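Data from protein_39.cif: mmCIF, C-alpha atoms and all ligand atoms
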data_work
#
loop_
_atom_site.label_atom_id
_atom_site.label_comp_id
_atom_site.auth_asym_id
_atom_site.auth_seq_id
_atom_site.Cartn_x
_atom_site.Cartn_y
_atom_site.Cartn_z
CA ILE A 1 -0.88 -20.99 19.09
CA GLY A 2 0.85 -22.54 22.08
CA GLU A 3 2.90 -24.64 19.67
CA ILE A 4 3.84 -21.62 17.62
CA ARG A 5 4.95 -19.78 20.74
CA ARG A 6 7.12 -22.67 21.92
CA TYR A 7 8.76 -22.86 18.49
CA LEU A 8 9.37 -19.13 18.45
CA ARG A 9 10.94 -19.03 21.90
CA ASP A 10 13.87 -21.05 20.60
CA ASN A 11 15.00 -17.99 18.68
CA ASN A 12 14.56 -15.71 21.66
CA SER A 13 17.96 -14.14 22.11
CA ILE A 14 18.78 -13.50 18.48
CA ARG A 15 18.14 -9.97 17.32
CA VAL A 16 16.41 -9.47 14.02
CA SER A 17 19.27 -7.26 12.82
CA ARG A 18 21.53 -10.31 13.06
CA SER A 19 19.18 -12.60 11.19
CA MET A 20 18.64 -10.00 8.49
CA LYS A 21 22.38 -9.77 7.93
CA ASP A 22 22.56 -13.56 7.69
CA THR A 23 19.82 -13.59 5.06
CA ALA A 24 21.64 -10.87 3.12
CA TYR A 25 24.94 -12.74 3.09
CA LYS A 26 23.21 -15.94 2.01
CA ALA A 27 21.55 -14.03 -0.82
CA LEU A 28 24.88 -12.64 -2.01
CA GLN A 29 26.51 -16.08 -1.81
CA ILE A 30 23.74 -17.58 -3.92
CA ARG A 31 24.09 -14.82 -6.47
CA GLU A 32 27.85 -15.37 -6.58
CA ARG A 33 27.46 -19.10 -6.99
CA LEU A 34 24.86 -18.87 -9.76
CA THR A 35 26.67 -16.13 -11.65
CA SER A 36 30.10 -17.76 -11.58
CA SER A 37 28.72 -21.09 -12.75
CA GLY A 38 27.96 -19.34 -16.02
CA SER A 39 24.23 -18.83 -15.59
CA GLN A 40 22.47 -15.56 -16.08
CA GLU A 41 22.31 -13.29 -13.05
CA PRO A 42 19.63 -14.66 -10.72
CA THR A 43 16.51 -12.71 -9.89
CA ILE A 44 15.30 -11.80 -6.43
CA ALA A 45 12.55 -14.43 -6.78
CA GLU A 46 15.06 -17.19 -7.48
CA ILE A 47 17.17 -16.21 -4.51
CA ALA A 48 14.17 -15.88 -2.21
CA ASN A 49 12.96 -19.28 -3.31
CA GLU A 50 16.28 -20.90 -2.53
CA ILE A 51 16.55 -19.36 0.94
CA GLY A 52 12.88 -19.88 1.68
CA VAL A 53 11.83 -16.35 2.58
CA ASP A 54 9.55 -13.75 1.00
CA LYS A 55 11.21 -11.78 -1.79
CA GLU A 56 10.54 -8.51 0.03
CA GLU A 57 12.58 -9.83 2.96
CA ILE A 58 15.61 -10.35 0.75
CA ILE A 59 15.49 -6.70 -0.24
CA PHE A 60 15.10 -5.37 3.29
CA ALA A 61 17.85 -7.77 4.39
CA LEU A 62 20.23 -6.45 1.71
CA GLU A 63 19.49 -2.94 2.93
CA SER A 64 20.52 -3.90 6.45
CA ILE A 65 24.08 -4.64 5.34
CA GLN A 66 24.41 -1.54 3.21
CA GLU A 67 26.49 1.27 4.63
CA PRO A 68 24.19 4.16 5.44
CA ILE A 69 24.73 6.73 2.75
CA SER A 70 26.10 9.80 4.38
CA LEU A 71 24.15 12.89 3.48
CA PHE A 72 27.47 14.68 3.35
CA GLU A 73 29.16 12.52 0.77
CA PRO A 74 29.05 12.43 -3.01
CA ILE A 75 27.19 9.30 -3.96
CA TYR A 76 27.73 8.71 -7.62
CA ASN A 77 29.77 5.89 -9.15
CA MET B 1 1.06 -9.17 -13.86
CA GLN B 2 -1.52 -6.91 -12.30
CA ASN B 3 -1.36 -3.18 -11.93
CA ASN B 4 -0.39 -2.33 -8.39
CA TYR B 5 0.70 0.67 -6.36
CA VAL B 6 1.83 1.79 -2.94
CA ILE B 7 1.78 5.30 -1.55
CA PHE B 8 3.71 5.99 1.59
CA LYS B 9 4.35 9.06 3.70
CA ILE B 10 7.22 9.49 6.11
CA PRO B 11 8.78 12.42 7.95
CA SER B 12 11.93 13.86 6.40
CA LEU B 13 14.36 12.35 8.96
CA SER B 14 17.67 11.11 7.57
CA THR B 15 17.09 7.84 9.37
CA ASN B 16 14.15 7.20 7.00
CA GLU B 17 16.22 7.36 3.84
CA SER B 18 17.32 3.76 4.12
CA PHE B 19 13.81 2.54 4.86
CA ALA B 20 12.29 4.54 2.00
CA ARG B 21 14.62 3.21 -0.66
CA ALA B 22 14.35 -0.37 0.58
CA ALA B 23 10.55 -0.16 0.73
CA VAL B 24 10.31 1.05 -2.87
CA ALA B 25 12.71 -1.68 -3.99
CA ALA B 26 10.80 -4.32 -2.03
CA PHE B 27 7.57 -3.25 -3.68
CA CYS B 28 9.26 -3.68 -7.07
CA ALA B 29 10.24 -7.24 -6.13
CA ASN B 30 7.11 -8.48 -7.88
CA LEU B 31 8.66 -7.50 -11.21
CA ASN B 32 11.37 -10.09 -10.62
CA PRO B 33 14.41 -7.80 -10.84
CA THR B 34 18.04 -8.80 -10.38
CA ILE B 35 20.04 -7.47 -7.44
CA ASP B 36 21.66 -4.95 -9.83
CA GLU B 37 18.31 -3.53 -10.86
CA ILE B 38 17.32 -3.32 -7.19
CA ILE B 39 20.51 -1.39 -6.43
CA GLU B 40 19.79 1.00 -9.31
CA ILE B 41 16.27 1.70 -8.09
CA LYS B 42 17.45 2.17 -4.50
CA THR B 43 20.21 4.57 -5.54
CA ALA B 44 17.88 6.73 -7.61
CA VAL B 45 15.25 6.83 -4.86
CA SER B 46 17.96 7.65 -2.32
CA GLU B 47 19.02 10.70 -4.29
CA ALA B 48 15.48 12.00 -4.59
CA VAL B 49 14.68 11.37 -0.92
CA THR B 50 17.97 12.95 0.25
CA ASN B 51 17.12 16.02 -1.81
CA ALA B 52 13.72 16.30 -0.16
CA ILE B 53 15.33 16.02 3.27
CA ILE B 54 18.26 18.39 2.87
CA HIS B 55 16.96 20.84 0.29
CA GLY B 56 13.18 20.62 0.36
CA TYR B 57 12.97 20.70 4.15
CA GLU B 58 16.32 22.28 4.83
CA ASN B 59 16.00 23.49 8.41
CA THR B 60 12.85 21.72 9.34
CA VAL B 61 11.11 18.33 9.22
CA GLY B 62 8.22 17.83 6.85
CA GLU B 63 6.42 14.99 5.17
CA ILE B 64 7.71 13.17 2.11
CA GLN B 65 5.28 11.22 -0.03
CA ILE B 66 6.57 8.38 -2.17
CA GLU B 67 4.35 6.69 -4.70
CA CYS B 68 5.29 3.57 -6.60
CA LYS B 69 3.07 2.43 -9.47
CA ILE B 70 3.56 -0.78 -11.39
CA LYS B 71 2.09 -1.50 -14.82
CA GLY B 72 3.40 -4.68 -16.31
CA GLN B 73 7.18 -4.41 -16.21
CA LEU B 74 7.12 -0.63 -15.93
CA VAL B 75 7.62 1.00 -12.57
CA GLU B 76 6.93 4.66 -11.93
CA ILE B 77 8.25 6.22 -8.73
CA ILE B 78 7.19 9.68 -7.54
CA VAL B 79 9.00 11.38 -4.67
CA GLU B 80 7.22 14.48 -3.47
CA ASP B 81 7.88 17.11 -0.80
CA TYR B 82 5.94 20.24 0.15
CA GLY B 83 9.00 22.28 1.00
CA SER B 84 11.09 25.03 -0.50
CA GLY B 85 10.76 24.12 -4.17
CA ILE B 86 13.34 24.73 -6.90
CA VAL B 87 13.39 28.14 -8.56
CA ASN B 88 15.16 27.08 -11.74
CA VAL B 89 14.72 23.38 -12.42
CA GLU B 90 16.80 23.32 -15.61
CA MET B 91 19.76 24.82 -13.81
CA ALA B 92 19.32 22.55 -10.79
CA ARG B 93 19.40 19.50 -13.03
CA GLU B 94 22.76 20.39 -14.51
CA PRO B 95 25.46 18.01 -13.30
CA LEU B 96 27.64 19.54 -10.59
CA TYR B 97 25.11 22.29 -9.84
CA THR B 98 24.48 22.47 -6.12
CA THR B 99 23.20 25.12 -3.71
CA LYS B 100 25.12 23.48 -0.85
CA PRO B 101 28.83 23.39 -1.69
CA GLU B 102 29.60 23.86 2.01
CA LEU B 103 28.10 20.42 2.68
CA GLU B 104 30.43 19.00 0.05
CA ARG B 105 27.42 18.13 -2.06
CA SER B 106 28.46 16.78 -5.44
CA GLY B 107 25.57 18.30 -7.39
CA MET B 108 25.21 14.91 -9.09
CA GLY B 109 21.88 13.73 -7.64
CA PHE B 110 19.83 14.37 -10.75
CA ALA B 111 22.60 12.94 -12.97
CA VAL B 112 22.52 9.75 -10.90
CA MET B 113 18.73 9.51 -11.15
CA GLU B 114 18.96 9.97 -14.92
CA THR B 115 21.64 7.31 -15.20
CA TYR B 116 19.75 4.64 -13.27
CA MET B 117 16.21 5.34 -14.37
CA ASP B 118 14.91 5.45 -17.96
CA GLU B 119 13.15 8.78 -17.54
CA VAL B 120 13.15 11.60 -14.94
CA VAL B 121 10.64 14.45 -14.80
CA VAL B 122 10.98 17.23 -12.21
CA LEU B 123 8.08 19.52 -11.33
CA SER B 124 8.65 22.22 -8.77
CA GLU B 125 7.44 25.55 -7.51
CA LYS B 126 9.10 27.86 -5.01
CA ASP B 127 7.64 27.49 -1.50
CA ILE B 128 5.11 24.93 -2.74
CA GLY B 129 7.28 21.86 -3.20
CA THR B 130 8.96 19.46 -5.57
CA LYS B 131 7.81 16.36 -7.35
CA VAL B 132 10.32 13.99 -8.98
CA ILE B 133 8.83 11.36 -11.31
CA MET B 134 11.10 8.50 -12.36
CA ARG B 135 10.31 5.57 -14.63
CA LYS B 136 12.11 2.32 -15.30
CA THR B 137 11.27 -0.84 -17.23
CA ILE B 138 12.47 -4.04 -15.60
CA SER B 139 13.33 -6.69 -18.18
CA GLU B 140 11.30 -9.86 -18.11
CA ARG B 141 13.19 -12.94 -17.06
CA LYS B 142 12.55 -16.60 -17.59
CA LYS B 143 11.04 -18.14 -14.43
CA MET C 1 15.17 7.27 19.82
CA GLN C 2 13.04 9.75 17.96
CA ASN C 3 9.34 9.51 17.35
CA ASN C 4 8.73 8.30 13.84
CA TYR C 5 5.91 7.04 11.65
CA VAL C 6 5.10 5.69 8.23
CA ILE C 7 1.69 5.50 6.56
CA PHE C 8 1.20 3.16 3.60
CA LYS C 9 -1.76 2.74 1.31
CA ILE C 10 -2.00 -0.35 -0.87
CA PRO C 11 -4.76 -2.05 -2.83
CA SER C 12 -6.28 -5.12 -1.16
CA LEU C 13 -4.49 -7.67 -3.37
CA SER C 14 -3.23 -10.79 -1.64
CA THR C 15 0.12 -10.28 -3.32
CA ASN C 16 0.58 -7.19 -1.12
CA GLU C 17 0.35 -9.09 2.14
CA SER C 18 4.00 -10.11 2.14
CA PHE C 19 5.03 -6.55 1.30
CA ALA C 20 2.94 -5.11 4.11
CA ARG C 21 4.37 -7.34 6.81
CA ALA C 22 7.97 -7.03 5.57
CA ALA C 23 7.66 -3.25 5.46
CA VAL C 24 6.20 -2.94 8.96
CA ALA C 25 8.87 -5.32 10.28
CA ALA C 26 11.65 -3.33 8.61
CA PHE C 27 10.29 -0.09 10.03
CA CYS C 28 10.26 -1.59 13.53
CA ALA C 29 13.76 -3.03 13.11
CA ASN C 30 15.25 0.20 14.44
CA LEU C 31 13.92 -0.69 17.88
CA ASN C 32 16.26 -3.67 17.92
CA PRO C 33 13.63 -6.34 18.51
CA THR C 34 14.36 -10.06 18.80
CA ILE C 35 13.37 -12.43 16.01
CA ASP C 36 10.43 -13.54 18.16
CA GLU C 37 9.13 -10.01 18.52
CA ILE C 38 9.39 -9.35 14.80
CA ILE C 39 7.66 -12.62 13.91
CA GLU C 40 4.90 -11.72 16.35
CA ILE C 41 4.42 -8.29 14.82
CA LYS C 42 4.47 -9.70 11.28
CA THR C 43 1.95 -12.39 12.14
CA ALA C 44 -0.42 -9.91 13.79
CA VAL C 45 -0.16 -7.52 10.84
CA SER C 46 -0.74 -10.40 8.44
CA GLU C 47 -3.97 -11.35 10.22
CA ALA C 48 -5.29 -7.81 10.14
CA VAL C 49 -4.35 -7.29 6.49
CA THR C 50 -5.84 -10.65 5.45
CA ASN C 51 -9.08 -9.68 7.17
CA ALA C 52 -9.21 -6.41 5.26
CA ILE C 53 -8.67 -8.27 1.99
CA ILE C 54 -11.06 -11.18 2.42
CA HIS C 55 -13.72 -9.70 4.68
CA GLY C 56 -13.49 -5.93 4.35
CA TYR C 57 -13.26 -6.02 0.56
CA GLU C 58 -14.78 -9.42 0.01
CA ASN C 59 -15.71 -9.37 -3.69
CA THR C 60 -13.86 -6.30 -4.68
CA VAL C 61 -10.51 -4.52 -4.40
CA GLY C 62 -10.21 -1.47 -2.20
CA GLU C 63 -7.51 0.47 -0.42
CA ILE C 64 -5.93 -0.61 2.84
CA GLN C 65 -4.09 1.93 4.94
CA ILE C 66 -1.42 0.78 7.36
CA GLU C 67 0.07 3.20 9.81
CA CYS C 68 3.04 2.40 11.98
CA LYS C 69 3.97 4.83 14.77
CA ILE C 70 6.99 4.54 17.02
CA LYS C 71 7.36 6.32 20.34
CA GLY C 72 10.40 5.16 22.24
CA GLN C 73 10.03 1.39 22.53
CA LEU C 74 6.30 1.45 21.85
CA VAL C 75 4.99 0.47 18.42
CA GLU C 76 1.45 1.26 17.37
CA ILE C 77 0.14 -0.30 14.15
CA ILE C 78 -3.19 0.67 12.64
CA VAL C 79 -4.69 -1.37 9.78
CA GLU C 80 -7.69 0.31 8.22
CA ASP C 81 -10.09 -0.55 5.39
CA TYR C 82 -13.12 1.30 4.04
CA GLY C 83 -15.10 -1.82 3.26
CA SER C 84 -17.98 -3.79 4.68
CA GLY C 85 -17.35 -3.19 8.35
CA ILE C 86 -18.20 -5.54 11.22
CA VAL C 87 -21.74 -5.49 12.55
CA ASN C 88 -20.96 -7.02 15.94
CA VAL C 89 -17.33 -6.49 16.89
CA GLU C 90 -17.56 -8.32 20.23
CA MET C 91 -18.89 -11.43 18.55
CA ALA C 92 -16.37 -11.20 15.70
CA ARG C 93 -13.53 -11.09 18.20
CA GLU C 94 -14.55 -14.33 19.84
CA PRO C 95 -12.09 -17.11 19.06
CA LEU C 96 -13.38 -19.51 16.40
CA TYR C 97 -16.04 -17.04 15.22
CA THR C 98 -15.90 -16.72 11.44
CA THR C 99 -18.31 -15.64 8.73
CA LYS C 100 -16.43 -17.74 6.17
CA PRO C 101 -16.36 -21.37 7.29
CA GLU C 102 -16.47 -22.42 3.61
CA LEU C 103 -13.00 -20.90 3.16
CA GLU C 104 -11.79 -23.02 6.06
CA ARG C 105 -11.17 -19.86 8.02
CA SER C 106 -10.18 -20.65 11.57
CA GLY C 107 -11.86 -17.67 13.16
CA MET C 108 -8.64 -17.18 15.12
CA GLY C 109 -7.33 -13.97 13.54
CA PHE C 110 -8.26 -11.69 16.41
CA ALA C 111 -7.07 -14.28 18.95
CA VAL C 112 -3.68 -14.32 17.22
CA MET C 113 -3.49 -10.51 17.20
CA GLU C 114 -4.33 -10.43 20.90
CA THR C 115 -1.74 -13.08 21.71
CA TYR C 116 1.11 -11.38 19.89
CA MET C 117 0.38 -7.74 20.59
CA ASP C 118 -0.03 -6.12 24.01
CA GLU C 119 -3.28 -4.39 23.14
CA VAL C 120 -5.83 -4.65 20.28
CA VAL C 121 -8.63 -2.16 19.70
CA VAL C 122 -11.19 -2.75 16.91
CA LEU C 123 -13.36 0.07 15.63
CA SER C 124 -15.85 -0.72 12.92
CA GLU C 125 -19.07 0.39 11.31
CA LYS C 126 -21.15 -1.46 8.76
CA ASP C 127 -20.48 -0.28 5.19
CA ILE C 128 -18.04 2.33 6.45
CA GLY C 129 -15.01 0.23 7.32
CA THR C 130 -12.82 -1.28 10.00
CA LYS C 131 -9.86 0.03 11.95
CA VAL C 132 -7.66 -2.32 13.94
CA ILE C 133 -5.23 -0.64 16.36
CA MET C 134 -2.49 -2.80 17.84
CA ARG C 135 0.23 -1.85 20.28
CA LYS C 136 3.35 -3.59 21.43
CA THR C 137 6.28 -2.54 23.59
CA ILE C 138 9.61 -3.86 22.40
CA SER C 139 11.91 -4.67 25.31
CA GLU C 140 15.09 -2.66 25.60
CA ARG C 141 18.28 -4.58 25.22
CA LYS C 142 21.72 -4.04 26.67
CA LYS C 143 23.84 -2.34 24.02
N1 LIG D 201 13.45 18.44 -3.31
C1 LIG D 201 14.14 19.56 -3.51
N2 LIG D 201 13.75 20.74 -2.96
C2 LIG D 201 14.44 21.86 -3.14
N3 LIG D 201 15.57 21.97 -3.89
C3 LIG D 201 16.01 20.85 -4.48
C4 LIG D 201 15.35 19.61 -4.34
N4 LIG D 201 16.01 18.67 -5.04
C5 LIG D 201 17.04 19.28 -5.62
N5 LIG D 201 17.06 20.60 -5.30
C6 LIG D 201 17.99 21.62 -5.78
O1 LIG D 201 18.67 21.10 -6.92
C7 LIG D 201 20.10 21.12 -6.69
C8 LIG D 201 20.76 19.94 -7.37
O2 LIG D 201 20.36 18.71 -6.74
P1 LIG D 201 21.32 17.47 -6.90
O3 LIG D 201 21.63 17.24 -8.35
O4 LIG D 201 20.73 16.33 -6.15
O5 LIG D 201 22.67 17.94 -6.21
P2 LIG D 201 23.00 18.13 -4.65
O6 LIG D 201 21.91 17.52 -3.83
O7 LIG D 201 24.31 17.40 -4.49
O8 LIG D 201 23.12 19.61 -4.44
C9 LIG D 201 20.25 21.16 -5.17
O9 LIG D 201 21.50 21.71 -4.77
C10 LIG D 201 19.06 22.01 -4.76
O10 LIG D 201 19.35 23.38 -4.89
N1 LIG D 202 -11.63 -5.91 8.19
C1 LIG D 202 -12.77 -6.59 8.36
N2 LIG D 202 -13.88 -6.25 7.67
C2 LIG D 202 -15.03 -6.93 7.82
N3 LIG D 202 -15.18 -7.99 8.63
C3 LIG D 202 -14.12 -8.39 9.35
C4 LIG D 202 -12.86 -7.72 9.25
N4 LIG D 202 -11.99 -8.33 10.07
C5 LIG D 202 -12.67 -9.33 10.68
N5 LIG D 202 -13.94 -9.37 10.25
C6 LIG D 202 -15.02 -10.28 10.71
O1 LIG D 202 -14.58 -10.88 11.94
C7 LIG D 202 -14.59 -12.30 11.80
C8 LIG D 202 -13.47 -12.90 12.64
O2 LIG D 202 -12.20 -12.56 12.08
P1 LIG D 202 -10.96 -13.49 12.43
O3 LIG D 202 -10.86 -13.69 13.90
O4 LIG D 202 -9.77 -12.95 11.74
O5 LIG D 202 -11.39 -14.90 11.80
P2 LIG D 202 -11.43 -15.35 10.25
O6 LIG D 202 -10.74 -14.31 9.43
O7 LIG D 202 -10.71 -16.67 10.26
O8 LIG D 202 -12.87 -15.50 9.91
C9 LIG D 202 -14.47 -12.57 10.33
O9 LIG D 202 -14.99 -13.85 9.96
C10 LIG D 202 -15.29 -11.42 9.74
O10 LIG D 202 -16.67 -11.72 9.79
MG MG D 203 21.09 15.66 -4.19
MG MG D 204 -8.94 -13.46 9.87
#
Go ahead and express the file in the form of structure tokens.
Amino acid sequence: IGEIRRYLRDNNSIRVSRSMKDTAYKALQIRERLTSSGSQEPTIAEIANEIGVDKEEIIFALESIQEPISLFEPIYN
Amino acid sequence: MQNNYVIFKIPSLSTNESFARAAVAAFCANLNPTIDEIIEIKTAVSEAVTNAIIHGYENTVGEIQIECKIKGQLVEIIVEDYGSGIVNVEMAREPLYTTKPELERSGMGFAVMETYMDEVVVLSEKDIGTKVIMRKTISERKK
Amino acid sequence: MQNNYVIFKIPSLSTNESFARAAVAAFCANLNPTIDEIIEIKTAVSEAVTNAIIHGYENTVGEIQIECKIKGQLVEIIVEDYGSGIVNVEMAREPLYTTKPELERSGMGFAVMETYMDEVVVLSEKDIGTKVIMRKTISERKK
């Protein structure tokens, strides 16, 4: 546990909101790269695998870069 | 792929809308969706949750229950509130129909849910609450 | 920052462990924790959820309830199962104590929870279930 704590302390000052945004941008870059090279659109599992995080994390990370939907705005496309 | 479910309850605070839609989408991650399918699920859930917050619990804060059931590639999402209820569901579901024009509501929430989900069922009773059931099949993808 | 909570119920499938910790972490993200603090919370939740799955519901699948309450900068997480229960909680909490050495369990789950959270309370009764209550205060940061 001491080893785990020492490893963790290296990340001390970075806020999770920042790291979530980073994960989200990486995910979008990977999707862009795989789609433009002619392959089928990648799945969340493929992206998560490439970044090395749980697939649920990718989804919460993508949420963190989404503009909050205003309750006072029409939302449809 | 096993049957699975999650039921979660949160207070109807607008700050929880983002968490609720992301949590449902994250639970669906096991079905191996694309980012587009994730966005579709989040948008539909958002509409239902927003409705519970601003219409169901209009001037108050109450509990919203969201249930997500997975059977194979089928996901069923139920968003439930115990608030004001809808008097005339058929009319409420009509595109552009809104009881809050002063909030610049578009009246398109149900239309959006119907666009992004394969099936939408709305059960409601005045002063008892509203239950929105949405289903979507996520296509299988090669691993 | 408002008081807020979420309560989830999920079946005790190991596939739900990653969902549970990601969801709790996302809910706590509003408190603006550091990466360390989030990893600590996720690890503690993981230990409690794993225990519910492999000990609480050893040869079966049952429901796990996870509650996350936020009051200011304080987070309280409760992981509850309705399974086998712990006969001697004090003994179970001792580091290295495990009833499953054949699974190469380290017996360190409670030690990890106590290291990463500020307070851990374990309530349990044989054949009724187990409730693990963990609290942590997230430090405020300059805005
Ligand atoms: N959960 C709910 N509780 C009470 N009324 C609701 C609920 N959801 C929808 N409604 C009613 O149905 C109408 C249409 O909803 P919707 O299509 O989402 O449009 P909007 O939210 O923009 O008004 C609302 O204006 C409201 O009167
Ligand atoms: N939810 C639970 N239900 C039943 N027994 C439990 C539960 N959580 C912990 N225990 C008991 O406490 C012991 C110690 O748990 P822990 O410190 O996590 O070590 P480990 O899981 O590696 O055995 C377990 O071996 C088990 O006997
Ligand atoms: Mg609406
Ligand atoms: Mg353990």
Could you pull out every residue with an atom within 10 Å of (8.6, 27.7, 0.3), file coordinates, counting all atoms listed in the file, and send them as an NGL selection string? :B and (56-57 or 82-86 or 125-129)
Please, can I see chain C fitted onto chain B by all in-order Cα atoms (least squares), as a compact mmCIF listing (two decimals) with C-alpha atoms, in the frame of the given file?
# COMPACT_ATOMS: atom_id res chain seq x y z
CA MET C 1 1.02 -9.29 -13.41
CA GLN C 2 -1.58 -6.99 -11.97
CA ASN C 3 -1.36 -3.24 -11.70
CA ASN C 4 -0.43 -2.30 -8.17
CA TYR C 5 0.68 0.71 -6.17
CA VAL C 6 1.75 1.84 -2.74
CA ILE C 7 1.84 5.40 -1.39
CA PHE C 8 3.94 6.16 1.69
CA LYS C 9 4.20 9.33 3.71
CA ILE C 10 7.10 9.77 6.10
CA PRO C 11 8.66 12.70 7.93
CA SER C 12 11.87 14.05 6.37
CA LEU C 13 14.22 12.48 8.94
CA SER C 14 17.46 11.05 7.60
CA THR C 15 16.78 7.88 9.54
CA ASN C 16 13.88 7.22 7.15
CA GLU C 17 16.03 7.13 4.05
CA SER C 18 17.02 3.50 4.48
CA PHE C 19 13.39 2.56 5.12
CA ALA C 20 12.20 4.37 2.02
CA ARG C 21 14.63 2.69 -0.34
CA ALA C 22 14.19 -0.78 1.20
CA ALA C 23 10.42 -0.45 0.98
CA VAL C 24 10.40 0.67 -2.66
CA ALA C 25 12.86 -2.12 -3.52
CA ALA C 26 10.71 -4.73 -1.76
CA PHE C 27 7.61 -3.50 -3.56
CA CYS C 28 9.39 -3.81 -6.92
CA ALA C 29 10.76 -7.26 -6.05
CA ASN C 30 7.63 -8.86 -7.49
CA LEU C 31 8.81 -7.87 -10.96
CA ASN C 32 11.76 -10.20 -10.53
CA PRO C 33 14.50 -7.65 -11.15
CA THR C 34 18.22 -8.40 -11.07
CA ILE C 35 20.37 -7.16 -8.20
CA ASP C 36 21.67 -4.44 -10.53
CA GLU C 37 18.19 -3.17 -11.29
CA ILE C 38 17.23 -3.07 -7.63
CA ILE C 39 20.44 -1.27 -6.65
CA GLU C 40 19.76 1.24 -9.40
CA ILE C 41 16.22 1.87 -8.21
CA LYS C 42 17.34 2.16 -4.58
CA THR C 43 20.12 4.58 -5.45
CA ALA C 44 17.80 6.79 -7.51
CA VAL C 45 15.18 6.81 -4.76
CA SER C 46 17.86 7.61 -2.20
CA GLU C 47 18.98 10.66 -4.19
CA ALA C 48 15.46 11.98 -4.53
CA VAL C 49 14.63 11.40 -0.86
CA THR C 50 17.91 12.98 0.31
CA ASN C 51 17.11 16.04 -1.79
CA ALA C 52 13.70 16.35 -0.17
CA ILE C 53 15.29 16.13 3.28
CA ILE C 54 18.24 18.46 2.86
CA HIS C 55 16.97 20.89 0.24
CA GLY C 56 13.19 20.70 0.29
CA TYR C 57 12.97 20.83 4.08
CA GLU C 58 16.33 22.40 4.75
CA ASN C 59 15.99 23.67 8.33
CA THR C 60 12.83 21.93 9.24
CA VAL C 61 11.05 18.57 9.14
CA GLY C 62 8.19 18.07 6.74
CA GLU C 63 6.37 15.21 5.07
CA ILE C 64 7.70 13.33 2.07
CA GLN C 65 5.32 11.30 -0.04
CA ILE C 66 6.63 8.41 -2.10
CA GLU C 67 4.41 6.69 -4.58
CA CYS C 68 5.35 3.53 -6.39
CA LYS C 69 3.15 2.34 -9.27
CA ILE C 70 3.59 -0.88 -11.19
CA LYS C 71 2.08 -1.56 -14.59
CA GLY C 72 3.36 -4.77 -16.09
CA GLN C 73 7.15 -4.44 -16.11
CA LEU C 74 7.07 -0.66 -15.79
CA VAL C 75 7.78 0.97 -12.44
CA GLU C 76 6.94 4.60 -11.80
CA ILE C 77 8.24 6.21 -8.60
CA ILE C 78 7.19 9.67 -7.50
CA VAL C 79 9.00 11.43 -4.63
CA GLU C 80 7.23 14.57 -3.51
CA ASP C 81 7.88 17.23 -0.86
CA TYR C 82 5.95 20.37 0.04
CA GLY C 83 9.02 22.41 0.88
CA SER C 84 11.12 25.14 -0.64
CA GLY C 85 10.81 24.17 -4.27
CA ILE C 86 13.40 24.74 -7.01
CA VAL C 87 13.49 28.13 -8.67
CA ASN C 88 15.28 27.03 -11.83
CA VAL C 89 14.79 23.33 -12.47
CA GLU C 90 16.89 23.24 -15.66
CA MET C 91 19.86 24.72 -13.87
CA ALA C 92 19.38 22.48 -10.82
CA ARG C 93 19.45 19.41 -13.04
CA GLU C 94 22.82 20.27 -14.50
CA PRO C 95 25.51 17.89 -13.27
CA LEU C 96 27.69 19.43 -10.56
CA TYR C 97 25.16 22.19 -9.84
CA THR C 98 24.54 22.41 -6.10
CA THR C 99 23.26 25.07 -3.73
CA LYS C 100 25.13 23.44 -0.84
CA PRO C 101 28.84 23.26 -1.65
CA GLU C 102 29.59 23.72 2.08
CA LEU C 103 28.01 20.31 2.73
CA GLU C 104 30.34 18.83 0.14
CA ARG C 105 27.35 18.03 -2.00
CA SER C 106 28.41 16.70 -5.37
CA GLY C 107 25.59 18.22 -7.35
CA MET C 108 25.23 14.83 -9.02
CA GLY C 109 21.89 13.68 -7.59
CA PHE C 110 19.85 14.34 -10.71
CA ALA C 111 22.63 12.91 -12.91
CA VAL C 112 22.50 9.70 -10.87
CA MET C 113 18.70 9.52 -11.14
CA GLU C 114 18.93 10.00 -14.90
CA THR C 115 21.61 7.34 -15.24
CA TYR C 116 19.74 4.68 -13.30
CA MET C 117 16.18 5.34 -14.36
CA ASP C 118 14.84 5.43 -17.92
CA GLU C 119 13.08 8.75 -17.51
CA VAL C 120 13.13 11.56 -14.89
CA VAL C 121 10.63 14.40 -14.79
CA VAL C 122 11.01 17.22 -12.21
CA LEU C 123 8.12 19.50 -11.38
CA SER C 124 8.71 22.24 -8.86
CA GLU C 125 7.50 25.60 -7.66
CA LYS C 126 9.16 27.91 -5.18
CA ASP C 127 7.69 27.59 -1.67
CA ILE C 128 5.17 25.04 -2.90
CA GLY C 129 7.30 21.94 -3.30
CA THR C 130 9.00 19.50 -5.63
CA LYS C 131 7.83 16.37 -7.39
CA VAL C 132 10.31 13.99 -8.97
CA ILE C 133 8.81 11.34 -11.27
CA MET C 134 11.06 8.47 -12.31
CA ARG C 135 10.28 5.53 -14.55
CA LYS C 136 12.08 2.31 -15.25
CA THR C 137 11.18 -0.81 -17.20
CA ILE C 138 12.37 -4.01 -15.60
CA SER C 139 13.39 -6.58 -18.20
CA GLU C 140 11.39 -9.77 -18.35
CA ARG C 141 13.24 -12.91 -17.51
CA LYS C 142 12.79 -16.47 -18.67
CA LYS C 143 10.86 -18.33 -15.97
For a cutoff of 6 Å around the file-coordinate point (5.4, -9.9, 8.4), which residues qualify once you count all atoms listed in the file? I'd like the result as number ranges by chain. C: 21-22, 42-43
